[in-house]
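**Q** Dropping in upload-v8.txt, which is compact mmCIF, C-alpha atoms:
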# COMPACT_ATOMS: atom_id res chain seq x y z
CA MET A 7 60.95 111.30 -59.51
CA GLN A 8 61.06 108.22 -61.74
CA ARG A 9 58.00 105.97 -61.69
CA SER A 10 60.16 103.02 -60.58
CA LYS A 11 61.13 104.97 -57.46
CA TYR A 12 57.48 105.27 -56.51
CA VAL A 13 57.11 101.51 -57.01
CA ALA A 14 60.15 100.93 -54.77
CA ILE A 15 58.67 103.17 -52.06
CA LEU A 16 55.37 101.32 -52.31
CA VAL A 17 57.08 97.92 -52.04
CA LEU A 18 59.09 99.15 -49.07
CA ALA A 19 55.96 100.44 -47.35
CA VAL A 20 54.12 97.16 -47.85
CA VAL A 21 57.06 95.16 -46.51
CA VAL A 22 57.51 97.39 -43.46
CA VAL A 23 53.82 97.36 -42.61
CA GLY A 24 53.61 93.58 -43.13
CA LEU A 25 56.63 92.87 -40.93
CA LEU A 26 55.47 95.25 -38.20
CA ALA A 27 52.04 93.58 -38.18
CA ALA A 28 53.71 90.16 -38.06
CA GLN A 29 55.91 91.24 -35.15
CA TYR A 30 52.86 92.52 -33.31
CA SER A 31 50.94 89.30 -33.84
CA LEU A 32 53.93 87.19 -32.74
CA ASN A 33 54.10 89.23 -29.55
CA ASN A 34 50.35 89.06 -29.00
CA PRO A 35 49.02 85.54 -29.52
CA THR A 36 45.34 85.20 -30.36
CA GLU A 37 42.76 85.31 -27.62
CA ALA A 38 41.77 81.73 -28.35
CA THR A 39 45.30 80.48 -27.74
CA GLU A 40 45.57 82.54 -24.59
CA ALA A 41 42.28 81.18 -23.29
CA LEU A 42 43.38 77.63 -23.99
CA THR A 43 46.73 78.29 -22.37
CA ALA A 44 45.02 79.69 -19.32
CA GLY A 45 42.78 76.63 -19.16
CA SER A 46 45.72 74.32 -19.50
CA GLN A 47 47.49 76.01 -16.63
CA ILE A 48 44.63 74.89 -14.46
CA ASP A 49 44.04 71.51 -16.03
CA ALA A 50 47.49 70.21 -16.87
CA PRO A 51 48.75 67.63 -14.37
CA THR A 52 51.89 68.72 -12.61
CA ASP A 53 52.96 65.15 -12.02
CA PRO A 54 52.37 62.89 -14.99
CA ASN A 55 52.87 59.82 -12.80
CA ASN A 56 50.22 60.86 -10.31
CA GLU A 57 47.36 58.53 -11.19
CA THR A 58 45.03 60.20 -8.71
CA ALA A 59 45.14 63.42 -10.68
CA SER A 60 42.33 63.27 -13.18
CA PRO A 61 41.64 66.85 -14.12
CA GLY A 62 40.40 65.72 -17.49
CA SER A 63 37.25 64.27 -15.97
CA GLU A 64 35.82 67.76 -15.63
CA VAL A 65 36.71 68.84 -19.13
CA GLU A 66 34.26 68.49 -21.97
CA PRO A 67 36.02 66.67 -24.82
CA ALA A 68 36.97 69.22 -27.46
CA SER A 69 36.32 66.68 -30.17
CA SER A 70 32.76 65.80 -29.15
CA GLU A 71 31.32 67.46 -32.25
CA VAL A 72 33.80 65.97 -34.68
CA ALA A 73 32.60 62.81 -36.34
CA ILE A 74 35.73 60.94 -37.34
CA PRO A 75 35.84 57.67 -39.20
CA VAL A 76 38.23 54.96 -38.15
CA PRO A 77 41.68 56.62 -38.21
CA PRO A 78 43.62 55.44 -41.27
CA GLN A 79 46.45 52.94 -41.01
CA LEU A 80 49.60 54.80 -42.05
CA GLY A 81 52.09 52.00 -41.43
CA ALA A 82 54.23 50.91 -38.54
CA ALA A 83 56.06 53.64 -36.68
CA PRO A 84 59.84 53.43 -37.07
CA PRO A 85 61.86 53.16 -33.86
CA LEU A 86 63.35 56.29 -32.37
CA THR A 87 67.01 56.04 -33.28
CA GLY A 88 69.97 58.21 -32.40
CA ILE A 89 68.33 59.43 -29.20
CA ASP A 90 71.04 60.65 -26.87
CA GLY A 91 68.98 61.11 -23.75
CA TRP A 92 65.52 61.31 -22.24
CA LEU A 93 64.04 63.91 -19.94
CA GLN A 94 61.10 63.59 -17.54
CA THR A 95 60.90 59.79 -17.82
CA ASP A 96 62.72 56.56 -17.07
CA ALA A 97 61.97 55.33 -20.59
CA THR A 98 64.85 54.53 -22.90
CA SER A 99 62.96 53.83 -26.11
CA LEU A 100 59.56 54.12 -27.74
CA ASP A 101 59.00 50.46 -26.83
CA SER A 102 58.61 51.58 -23.23
CA PHE A 103 55.19 52.92 -24.26
CA SER A 104 54.03 49.91 -26.28
CA GLY A 105 50.41 49.04 -25.65
CA GLN A 106 49.59 52.72 -25.06
CA VAL A 107 48.15 55.32 -27.39
CA THR A 108 51.12 57.61 -27.92
CA ILE A 109 51.41 61.04 -29.48
CA VAL A 110 54.88 61.55 -30.93
CA GLN A 111 55.69 65.13 -31.77
CA PHE A 112 58.87 66.41 -33.38
CA TRP A 113 59.55 69.87 -31.99
CA THR A 114 62.21 72.30 -30.95
CA TYR A 115 61.75 74.69 -28.09
CA SER A 116 62.42 77.99 -29.83
CA CYS A 117 60.05 77.29 -32.73
CA PRO A 118 56.95 79.45 -32.15
CA ASN A 119 54.76 77.11 -34.18
CA CYS A 120 55.81 74.20 -31.95
CA LYS A 121 55.07 76.27 -28.85
CA ALA A 122 51.62 77.10 -30.19
CA THR A 123 50.70 73.40 -30.22
CA ILE A 124 51.68 72.83 -26.58
CA PRO A 125 48.46 74.14 -24.94
CA HIS A 126 46.45 71.79 -27.16
CA LEU A 127 48.66 68.84 -26.27
CA GLN A 128 48.39 69.78 -22.59
CA ASP A 129 44.61 69.75 -22.94
CA ILE A 130 44.56 66.29 -24.55
CA TYR A 131 47.15 64.99 -22.04
CA ALA A 132 45.10 66.22 -19.11
CA ARG A 133 41.98 64.49 -20.42
CA HIS A 134 43.50 61.17 -21.48
CA ARG A 135 46.56 60.62 -19.32
CA PRO A 136 44.45 58.65 -16.81
CA GLN A 137 43.32 56.34 -19.65
CA GLY A 138 46.91 55.62 -20.61
CA LEU A 139 47.71 58.25 -23.21
CA GLU A 140 51.38 59.12 -23.42
CA ILE A 141 53.06 61.94 -25.30
CA VAL A 142 56.67 61.79 -26.42
CA GLY A 143 58.15 65.10 -27.48
CA VAL A 144 61.10 64.33 -29.72
CA HIS A 145 63.27 67.40 -29.40
CA ALA A 146 65.09 67.89 -32.71
CA PRO A 147 67.09 71.12 -32.43
CA GLU A 148 67.71 73.33 -35.41
CA PHE A 149 70.30 75.59 -33.88
CA ASP A 150 73.35 75.23 -31.68
CA TYR A 151 71.81 76.82 -28.59
CA GLU A 152 68.90 74.37 -28.71
CA ARG A 153 71.20 71.37 -28.36
CA ASN A 154 72.04 71.92 -24.70
CA PRO A 155 69.89 69.50 -22.61
CA ASP A 156 69.81 72.04 -19.76
CA ASN A 157 68.26 74.60 -22.11
CA VAL A 158 65.71 72.02 -23.25
CA ALA A 159 64.83 71.15 -19.64
CA ALA A 160 64.49 74.82 -18.73
CA ALA A 161 62.30 75.49 -21.75
CA ALA A 162 60.14 72.46 -20.95
CA ALA A 163 59.59 73.77 -17.43
CA GLU A 164 58.77 77.24 -18.69
CA LEU A 165 56.38 75.91 -21.33
CA ARG A 166 54.80 73.45 -18.86
CA VAL A 167 55.72 70.46 -20.96
CA THR A 168 55.29 67.61 -18.48
CA TRP A 169 55.51 64.62 -20.82
CA PRO A 170 58.63 62.61 -21.69
CA ILE A 171 61.14 64.27 -23.99
CA ALA A 172 63.52 62.33 -26.23
CA LEU A 173 66.62 64.28 -27.20
CA ASP A 174 67.21 63.80 -30.91
CA THR A 175 70.19 66.13 -30.94
CA ASN A 176 71.58 64.99 -34.28
CA LYS A 177 68.10 64.84 -35.81
CA THR A 178 68.52 61.14 -36.66
CA SER A 179 64.91 60.26 -35.89
CA PHE A 180 63.71 63.61 -37.29
CA GLY A 181 65.15 62.52 -40.64
CA ALA A 182 64.23 58.84 -40.38
CA TRP A 183 60.56 59.53 -39.64
CA GLN A 184 60.04 62.43 -42.02
CA LYS A 185 62.36 61.44 -44.89
CA ASP A 186 62.68 64.38 -47.33
CA ARG A 187 59.68 66.33 -46.00
CA ARG A 188 60.99 67.59 -42.66
CA PHE A 189 59.13 70.16 -40.63
CA TRP A 190 58.65 71.57 -37.15
CA PRO A 191 56.29 70.66 -35.62
CA ARG A 192 55.12 67.30 -36.95
CA THR A 193 52.68 65.30 -34.89
CA TYR A 194 51.92 61.59 -35.09
CA VAL A 195 49.49 59.42 -33.14
CA LEU A 196 50.51 55.80 -32.60
CA ASP A 197 47.94 53.20 -31.66
CA GLN A 198 48.37 50.46 -29.07
CA ASN A 199 50.13 48.28 -31.69
CA GLY A 200 52.65 50.98 -32.57
CA ASP A 201 51.07 51.82 -35.92
CA ILE A 202 50.78 55.43 -37.09
CA ARG A 203 47.13 56.52 -37.25
CA PHE A 204 47.52 60.30 -37.54
CA ASP A 205 50.19 62.42 -39.20
CA HIS A 206 50.00 66.20 -39.34
CA ILE A 207 52.49 68.86 -40.35
CA GLY A 208 52.47 72.17 -38.50
CA GLU A 209 49.98 73.71 -36.14
CA GLY A 210 46.26 73.08 -36.33
CA ASN A 211 43.99 70.09 -36.90
CA TYR A 212 43.60 69.77 -33.14
CA ASP A 213 40.02 68.48 -33.34
CA GLU A 214 41.08 65.60 -35.55
CA LEU A 215 44.07 64.91 -33.31
CA ALA A 216 41.82 64.78 -30.24
CA ALA A 217 39.22 62.70 -32.06
CA THR A 218 41.88 60.19 -33.14
CA VAL A 219 43.08 59.84 -29.57
CA ASP A 220 39.47 59.56 -28.35
CA TYR A 221 38.73 56.85 -30.89
CA LEU A 222 41.83 54.79 -30.14
CA ILE A 223 41.36 54.98 -26.40
CA GLU A 224 37.68 54.03 -26.59
CA ASN A 225 37.86 51.41 -29.34
CA GLY A 226 41.43 50.17 -29.35
CA PRO A 227 43.49 49.81 -32.50
CA MET B 258 44.63 83.34 -48.00
CA THR B 259 44.92 86.27 -45.56
CA GLN B 260 46.00 83.87 -42.85
CA LEU B 261 48.59 82.32 -45.14
CA ILE B 262 50.00 85.77 -45.90
CA ALA B 263 50.08 86.61 -42.19
CA GLU B 264 51.91 83.37 -41.44
CA GLY B 265 54.38 84.09 -44.22
CA PHE B 266 55.25 87.49 -42.78
CA GLN B 267 55.53 85.95 -39.30
CA SER B 268 57.87 83.27 -40.64
CA ALA B 269 60.08 85.96 -42.12
CA LEU B 270 60.86 87.00 -38.53
CA LEU B 271 61.65 83.49 -37.27
CA PRO B 272 65.14 81.94 -37.13
CA CYS B 273 63.83 78.94 -39.13
CA SER B 274 63.72 81.20 -42.19
CA LEU B 275 67.27 82.55 -41.87
CA ILE B 276 68.53 79.73 -44.07
CA LEU B 277 66.55 81.38 -46.87
CA LEU B 278 67.14 85.02 -46.03
CA VAL B 279 70.89 84.90 -45.39
CA PRO B 280 71.88 83.30 -48.73
CA GLY B 281 69.31 85.47 -50.50
CA LEU B 282 70.85 88.63 -49.10
CA ALA B 283 74.37 87.34 -49.76
CA VAL B 284 73.72 86.65 -53.43
CA ALA B 285 71.94 90.00 -53.88
CA LEU B 286 74.85 91.89 -52.30
CA THR B 287 77.39 89.98 -54.38
CA ALA B 288 75.40 90.81 -57.53
CA ARG B 289 75.97 94.55 -56.89
CA ALA B 290 74.10 96.53 -59.59
CA ALA B 291 72.09 93.40 -60.43
CA PHE B 292 70.65 93.29 -56.91
CA ILE B 293 67.04 93.08 -58.13
CA PRO B 294 67.51 90.36 -60.78
CA ALA B 295 69.53 88.32 -58.26
CA THR B 296 66.81 88.68 -55.61
CA ALA B 297 64.02 87.81 -58.04
CA SER B 298 65.80 84.77 -59.43
CA PHE B 299 66.69 83.66 -55.90
CA ALA B 300 62.97 83.70 -55.09
CA VAL B 301 62.15 81.70 -58.22
CA GLY B 302 64.83 79.09 -57.43
CA ALA B 303 63.69 78.82 -53.82
CA LEU B 304 60.06 78.46 -54.88
CA ALA B 305 60.76 75.82 -57.51
CA LEU B 306 62.80 73.57 -55.26
CA SER B 307 60.75 74.00 -52.09
CA TRP B 308 57.58 73.17 -54.03
CA ALA B 309 59.26 70.13 -55.60
CA ARG B 310 60.53 68.93 -52.21
CA PHE B 311 57.41 69.52 -50.19
CA SER B 312 55.14 67.96 -52.80
CA ASP B 313 57.37 64.89 -53.19
CA ARG B 314 58.19 65.77 -56.78
CA GLY B 315 61.93 66.22 -56.47
CA GLY B 316 64.78 67.48 -54.36
CA GLY B 317 66.97 65.40 -52.07
CA PHE B 318 70.28 66.74 -53.38
CA HIS B 319 73.52 65.77 -51.69
CA PRO B 320 75.05 68.54 -49.50
CA ILE B 321 78.16 68.57 -51.69
CA ILE B 322 76.01 69.59 -54.68
CA LEU B 323 74.44 72.36 -52.60
CA ALA B 324 77.88 73.53 -51.48
CA ILE B 325 79.01 73.63 -55.11
CA ALA B 326 75.92 75.71 -55.97
CA PHE B 327 76.78 78.29 -53.27
CA ALA B 328 80.44 78.38 -54.30
CA LEU B 329 79.59 78.66 -57.99
CA ALA B 330 77.26 81.57 -57.29
CA ALA B 331 80.04 83.41 -55.47
CA ILE B 332 82.59 82.67 -58.19
CA ILE B 333 80.48 83.71 -61.17
CA LEU B 334 79.44 86.94 -59.49
CA LEU B 335 82.90 87.94 -58.34
CA VAL B 336 84.67 87.39 -61.65
CA PRO B 337 85.16 90.67 -63.53
CA LEU B 338 82.43 90.23 -66.17
CA ARG B 339 80.41 93.29 -65.31
CA ALA B 340 78.88 93.55 -68.78
CA ARG B 341 77.06 90.24 -68.28
CA LEU B 342 76.22 90.82 -64.65
CA ASP B 343 72.43 90.61 -65.10
CA VAL B 344 72.64 87.17 -66.70
CA LEU B 345 75.17 85.94 -64.15
CA ALA B 346 73.04 87.32 -61.31
CA VAL B 347 70.03 85.37 -62.55
CA ILE B 348 72.04 82.14 -62.74
CA ALA B 349 73.60 82.73 -59.32
CA GLY B 350 70.20 83.63 -57.84
CA LEU B 351 68.57 80.49 -59.19
CA LEU B 352 71.42 78.28 -57.91
CA THR B 353 71.46 79.87 -54.47
CA GLY B 354 67.67 79.91 -54.16
CA ALA B 355 67.40 76.23 -55.02
CA ALA B 356 70.26 75.25 -52.70
CA SER B 357 68.76 77.27 -49.82
CA ALA B 358 65.33 75.70 -50.35
CA GLU B 359 66.91 72.26 -50.13
CA LEU B 360 68.36 73.19 -46.73
CA TRP B 361 65.17 74.85 -45.48
CA ARG B 362 63.33 73.05 -42.64
CA PRO B 363 60.34 75.29 -42.01
CA CYS B 364 58.58 76.09 -38.78
CA VAL B 365 54.98 75.55 -39.81
CA GLY B 366 51.82 77.35 -38.76
CA ALA B 367 48.24 76.18 -39.20
CA GLU B 368 47.54 77.46 -42.72
CA PHE B 369 50.91 76.56 -44.17
CA GLY B 370 50.60 73.21 -42.40
CA GLN B 371 47.29 72.59 -44.10
CA LEU B 372 48.87 73.46 -47.44
CA LEU B 373 51.83 71.16 -46.82
CA ASN B 374 49.58 68.28 -45.82
CA GLU B 375 47.67 68.65 -49.11
CA LEU B 376 50.58 69.62 -51.35
CA PRO B 377 51.46 66.14 -52.70
CA SER B 378 47.89 65.64 -53.93
CA ARG B 379 47.34 69.24 -54.99
CA GLY B 380 48.19 70.35 -58.51
CA TYR B 381 49.54 73.70 -59.56
CA SER B 382 47.23 75.54 -57.17
CA GLY B 383 49.62 74.31 -54.49
CA LEU B 384 52.48 75.98 -56.35
CA ALA B 385 50.53 79.25 -56.47
CA LEU B 386 49.90 79.15 -52.72
CA MET B 387 53.52 78.27 -52.07
CA MET B 388 54.46 81.32 -54.12
CA VAL B 389 52.27 83.54 -51.97
CA TYR B 390 53.77 82.14 -48.76
CA LEU B 391 57.36 82.29 -49.97
CA THR B 392 56.92 85.83 -51.28
CA CYS B 393 55.92 86.88 -47.77
CA ILE B 394 58.88 85.07 -46.18
CA LEU B 395 61.21 86.78 -48.63
CA ALA B 396 59.58 90.17 -48.06
CA PRO B 397 62.66 91.50 -46.22
CA LEU B 398 64.69 90.87 -49.38
CA ALA B 399 62.08 92.72 -51.44
CA GLY B 400 62.32 95.61 -48.98
CA LEU B 401 66.11 95.68 -49.28
CA ALA B 402 65.83 95.57 -53.08
CA ALA B 403 63.53 98.60 -52.88
CA ILE B 404 66.01 100.42 -50.65
CA HIS B 405 68.81 99.51 -53.07
CA HIS B 406 66.77 101.04 -55.89
CA LEU B 407 66.30 104.26 -53.92
CA ILE B 408 69.96 104.77 -53.04
CA PRO B 409 71.65 107.35 -55.32
CA GLU B 410 74.00 105.84 -57.89
CA TRP B 411 77.10 107.66 -56.67
CA MET B 412 76.62 106.11 -53.24
CA LEU B 413 76.08 102.64 -54.72
CA ASP B 414 79.27 102.93 -56.74
CA ARG B 415 81.21 103.47 -53.54
CA ALA B 416 79.44 100.86 -51.42
CA GLU B 417 78.87 97.99 -53.82
CA PRO B 418 82.45 96.64 -54.02
CA ALA B 419 82.51 96.19 -50.25
CA TRP B 420 79.03 94.65 -50.25
CA ALA B 421 80.11 92.22 -52.97
CA VAL B 422 83.06 91.06 -50.87
CA ILE B 423 80.85 90.58 -47.79
CA GLY B 424 78.24 88.68 -49.81
CA GLY B 425 80.90 86.57 -51.48
CA VAL B 426 82.45 85.67 -48.12
CA VAL B 427 79.04 84.67 -46.73
CA LEU B 428 78.38 82.48 -49.79
CA ALA B 429 81.83 80.90 -49.43
CA VAL B 430 81.28 80.18 -45.74
CA LEU B 431 77.85 78.76 -46.54
CA ALA B 432 79.40 76.54 -49.20
CA PHE B 433 82.05 75.25 -46.80
CA SER B 434 79.68 74.77 -43.85
CA THR B 435 77.13 73.00 -46.06
CA ALA B 436 79.80 70.66 -47.39
CA ILE B 437 80.75 69.62 -43.85
CA GLY B 438 77.14 69.61 -42.59
CA LEU B 439 77.47 72.62 -40.29
CA HIS B 440 75.38 75.19 -42.16
CA GLU B 441 72.82 75.30 -39.34
CA ASP B 442 75.61 76.18 -36.91
CA PHE B 443 76.68 79.03 -39.16
CA VAL B 444 73.14 80.41 -39.38
CA SER B 445 72.78 79.86 -35.64
CA ARG B 446 75.89 81.99 -35.04
CA LEU B 447 74.50 84.74 -37.23
CA TYR B 448 71.27 84.63 -35.28
CA LEU B 449 73.10 84.85 -31.94
CA TRP B 450 75.30 87.69 -33.17
CA SER B 451 72.22 89.55 -34.31
CA GLY B 452 70.98 89.45 -30.71
CA GLY B 453 68.25 86.93 -31.49
CA VAL B 454 68.58 85.01 -28.21
Is it possible to give me this structure as structure tokens?
**A**
Amino acid sequence: MQRSKYVAILVLAVVVVGLLAAQYSLNNPTEATEALTAGSQIDAPTDPNNETASPGSEVEPASSEVAIPVPPQLGAAPPLTGIDGWLQTDATSLDSFSGQVTIVQFWTYSCPNCKATIPHLQDIYARHRPQGLEIVGVHAPEFDYERNPDNVAAAAAELRVTWPIALDTNKTSFGAWQKDRRFWPRTYVLDQNGDIRFDHIGEGNYDELAATVDYLIENGP
Amino acid sequence: MTQLIAEGFQSALLPCSLILLVPGLAVALTARAAFIPATASFAVGALALSWARFSDRGGGFHPIILAIAFALAAIILLVPLRARLDVLAVIAGLLTGAASAELWRPCVGAEFGQLLNELPSRGYSGLALMMVYLTCILAPLAGLAAIHHLIPEWMLDRAEPAWAVIGGVVLAVLAFSTAIGLHEDFVSRLYLWSGGV
């Protein structure tokens, strides 16, 4: 057999093994994520408007060991434009949350990386909702089947997303906020004045996210 | 690095990456005997433009230009210039790779996210890491190129004309749907037809 055939077989083997391992890991999230998810199922408030629910009071802040300087000023947050509906809230614009620390996350429900952030957001929401934290999930669908509001609502229920969802079906705000660098998920923290104080692409950086929220809630903008 | 590789392979299985894999496969099929050069140049084009875009160094092409790139790739590969097929495949691969990267909106994990957050301030080490990640996303194309290399020539001679037509049609549909802003719908349909949801 030609040497190049051996190389082709080797490449094929590496690809098959890599993809099988990736499929396995997608089907079996890490223990840490599972533990956090399990915790969130206990801690997450079922009614975000229920002020008596303060499950966060029993939770040790995840960011207690992270020393964060004053969160940087990253400019004023643009308005949410082109939103064609809201779920799980009476709000009609981002202005409805002015004066509150607000996490704005661009996501879409079938993106696994977006789903992986949800337990962490649930954890932060459970701890800081009583102090006025709000989360706005801006649902920017990539594919046709993600555009149906009923599908979004069903996915939110399944994923235990209890915070307000803005439907950015035509991705107007997705483009306006992210310009040419557009990703799922992308997470921002807005201070009480509506300025962006945290901007992160993708999963991860949860300690800094939590510390930013902690700082803004304790110290103001 | 291991985590970045793992995330790359995971992304290869996600619908977010179909906008890279579908045009990559289409151009490779249309290139017939030049399957491997077309695949390799597609990867280079995709890497160059995705790095430029994500590090704020370039990109931002109008959809009409991207549509022209897809259409041009189909046209130059389907014209009967078999003697120059390798060269044409490289040009078509580069065009299609760059156009696909412009349309790519990635789903981002922790490691790739960290890289993207640092990419604008990172020098060419960012490009090297992007290459690692993109190579893993495009691994299915590498696997298909390996299979193509293992198929006996007499079988390829029979199959390749049909493959070229299929690939050319996909590139043409991509060109049209990109021009009218519906390329995501097209990829979405492919995903649904493949039993993805």
**Q** For chain A, report every residue with an atom at most 10 Å from chain B (counting all atoms listed in the file), formatted as an MDAnalysis selection string.
**A** chainID A and resid 10:32 113:114 116:120 122:123 147:152 185:192 205:212
**Q** Just write the chosen residues, C-alpha atoms, as a CSV table (one decimal), in the frame of the given file.
**A**
chain,number,residue,atom,x,y,z
A,10,SER,CA,60.2,103.0,-60.6
A,11,LYS,CA,61.1,105.0,-57.5
A,12,TYR,CA,57.5,105.3,-56.5
A,13,VAL,CA,57.1,101.5,-57.0
A,14,ALA,CA,60.2,100.9,-54.8
A,15,ILE,CA,58.7,103.2,-52.1
A,16,LEU,CA,55.4,101.3,-52.3
A,17,VAL,CA,57.1,97.9,-52.0
A,18,LEU,CA,59.1,99.2,-49.1
A,19,ALA,CA,56.0,100.4,-47.4
A,20,VAL,CA,54.1,97.2,-47.8
A,21,VAL,CA,57.1,95.2,-46.5
A,22,VAL,CA,57.5,97.4,-43.5
A,23,VAL,CA,53.8,97.4,-42.6
A,24,GLY,CA,53.6,93.6,-43.1
A,25,LEU,CA,56.6,92.9,-40.9
A,26,LEU,CA,55.5,95.2,-38.2
A,27,ALA,CA,52.0,93.6,-38.2
A,28,ALA,CA,53.7,90.2,-38.1
A,29,GLN,CA,55.9,91.2,-35.2
A,30,TYR,CA,52.9,92.5,-33.3
A,31,SER,CA,50.9,89.3,-33.8
A,32,LEU,CA,53.9,87.2,-32.7
A,113,TRP,CA,59.6,69.9,-32.0
A,114,THR,CA,62.2,72.3,-31.0
A,116,SER,CA,62.4,78.0,-29.8
A,117,CYS,CA,60.0,77.3,-32.7
A,118,PRO,CA,57.0,79.4,-32.2
A,119,ASN,CA,54.8,77.1,-34.2
A,120,CYS,CA,55.8,74.2,-32.0
A,122,ALA,CA,51.6,77.1,-30.2
A,123,THR,CA,50.7,73.4,-30.2
A,147,PRO,CA,67.1,71.1,-32.4
A,148,GLU,CA,67.7,73.3,-35.4
A,149,PHE,CA,70.3,75.6,-33.9
A,150,ASP,CA,73.4,75.2,-31.7
A,151,TYR,CA,71.8,76.8,-28.6
A,152,GLU,CA,68.9,74.4,-28.7
A,185,LYS,CA,62.4,61.4,-44.9
A,186,ASP,CA,62.7,64.4,-47.3
A,187,ARG,CA,59.7,66.3,-46.0
A,188,ARG,CA,61.0,67.6,-42.7
A,189,PHE,CA,59.1,70.2,-40.6
A,190,TRP,CA,58.6,71.6,-37.2
A,191,PRO,CA,56.3,70.7,-35.6
A,192,ARG,CA,55.1,67.3,-37.0
A,205,ASP,CA,50.2,62.4,-39.2
A,206,HIS,CA,50.0,66.2,-39.3
A,207,ILE,CA,52.5,68.9,-40.4
A,208,GLY,CA,52.5,72.2,-38.5
A,209,GLU,CA,50.0,73.7,-36.1
A,210,GLY,CA,46.3,73.1,-36.3
A,211,ASN,CA,44.0,70.1,-36.9
A,212,TYR,CA,43.6,69.8,-33.1
**Q** Could you name the residues that touch Ile423 in chain B at 8 Å or less, counting all atoms listed in the file, but leaving out those on the same chain fewer than 2 positions away, as a compact mmCIF listing (two decimals) with C-alpha atoms, keeping the file's coordinate frame?
**A**
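Output below, filename around.txt:
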# COMPACT_ATOMS: atom_id res chain seq x y z
CA ALA B 283 74.37 87.34 -49.76
CA LEU B 286 74.85 91.89 -52.30
CA THR B 287 77.39 89.98 -54.38
CA ALA B 419 82.51 96.19 -50.25
CA TRP B 420 79.03 94.65 -50.25
CA ALA B 421 80.11 92.22 -52.97
CA GLY B 425 80.90 86.57 -51.48
CA VAL B 426 82.45 85.67 -48.12
CA VAL B 427 79.04 84.67 -46.73
**Q** May I have the residues within 7 Å of Ala288 in chain B as a PyMOL selection string, using all atoms listed in the file and disregarding those fewer than 5 positions away in the same chain?
**A** chain B and resi 295+334+346+421
**Q** Quick one, how far is CA of Gln94 in chain A from CA of Ala172 in chain A?
**A**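 Atom-to-atom, CA of Gln94 in chain A to CA of Ala172 in chain A, that is 9.1 Å.
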**Q** Suppose you want the space between CA of Asp343 in chain B and CA of Val284 in chain B; what is it in Å?
**A** 12.4 Å
**Q** Please identify all polymer residues within 7 Å of Ile141 in chain A, counting all atoms listed in the file, omitting same-chain residues fewer than 6 positions from it, and present them as a list in words.
**A**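 Selected residues are Thr108, Ile109, Val110, Trp169 and Pro170 of chain A.
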**Q** Tell me, in Å to one decimal, how far CA of Met258 in chain B is from CA of Ala216 in chain A.
**A** 25.8 Å
**Q** With all atoms listed in the file as the counted atoms, please give the residues lying no more than 6 Å from range 176-179 of chain A, apart from itself and same-chain residues fewer than 5 positions off, as an MDAnalysis selection string.
**A** chainID A and resid 86:88 146
**Q** At a cut-off of 10 Å from (53.1, 52.9, -43.3) in the coordinates of the file, what residues are picked up using all atoms listed in the file, written as a PDB file with C-alpha atoms, in the frame of the given file?
**A**
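After the write, result_6.pdb holds the following:
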ATOM      1  CA  GLN A  79      46.450  52.940 -41.010  1.00  0.00           C
ATOM      2  CA  LEU A  80      49.600  54.800 -42.050  1.00  0.00           C
ATOM      3  CA  GLY A  81      52.090  52.000 -41.430  1.00  0.00           C
ATOM      4  CA  ALA A  82      54.230  50.910 -38.540  1.00  0.00           C
ATOM      5  CA  ALA A  83      56.060  53.640 -36.680  1.00  0.00           C
ATOM      6  CA  PRO A  84      59.840  53.430 -37.070  1.00  0.00           C
ATOM      7  CA  ASP A 201      51.070  51.820 -35.920  1.00  0.00           C
ATOM      8  CA  ILE A 202      50.780  55.430 -37.090  1.00  0.00           C
ATOM      9  CA  ARG A 203      47.130  56.520 -37.250  1.00  0.00           C
TER      10      ARG A 203
END
**Q** With all atoms listed in the file as the atoms that count, which of B:Leu428, B:Ile437, B:Met412, B:Leu447 lies nearest to Leu335 in chain B?
**A** B:Leu428
**Q** Which residue is closest to Pro227 in chain A? Choose from A:Leu173, A:Val76, A:Ala162, A:Ala132 and count only C-alpha atoms.
**A**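 Of A:Leu173, A:Val76, A:Ala162, A:Ala132, the one nearest Pro227 in chain A is A:Val76, counting only C-alpha atoms.
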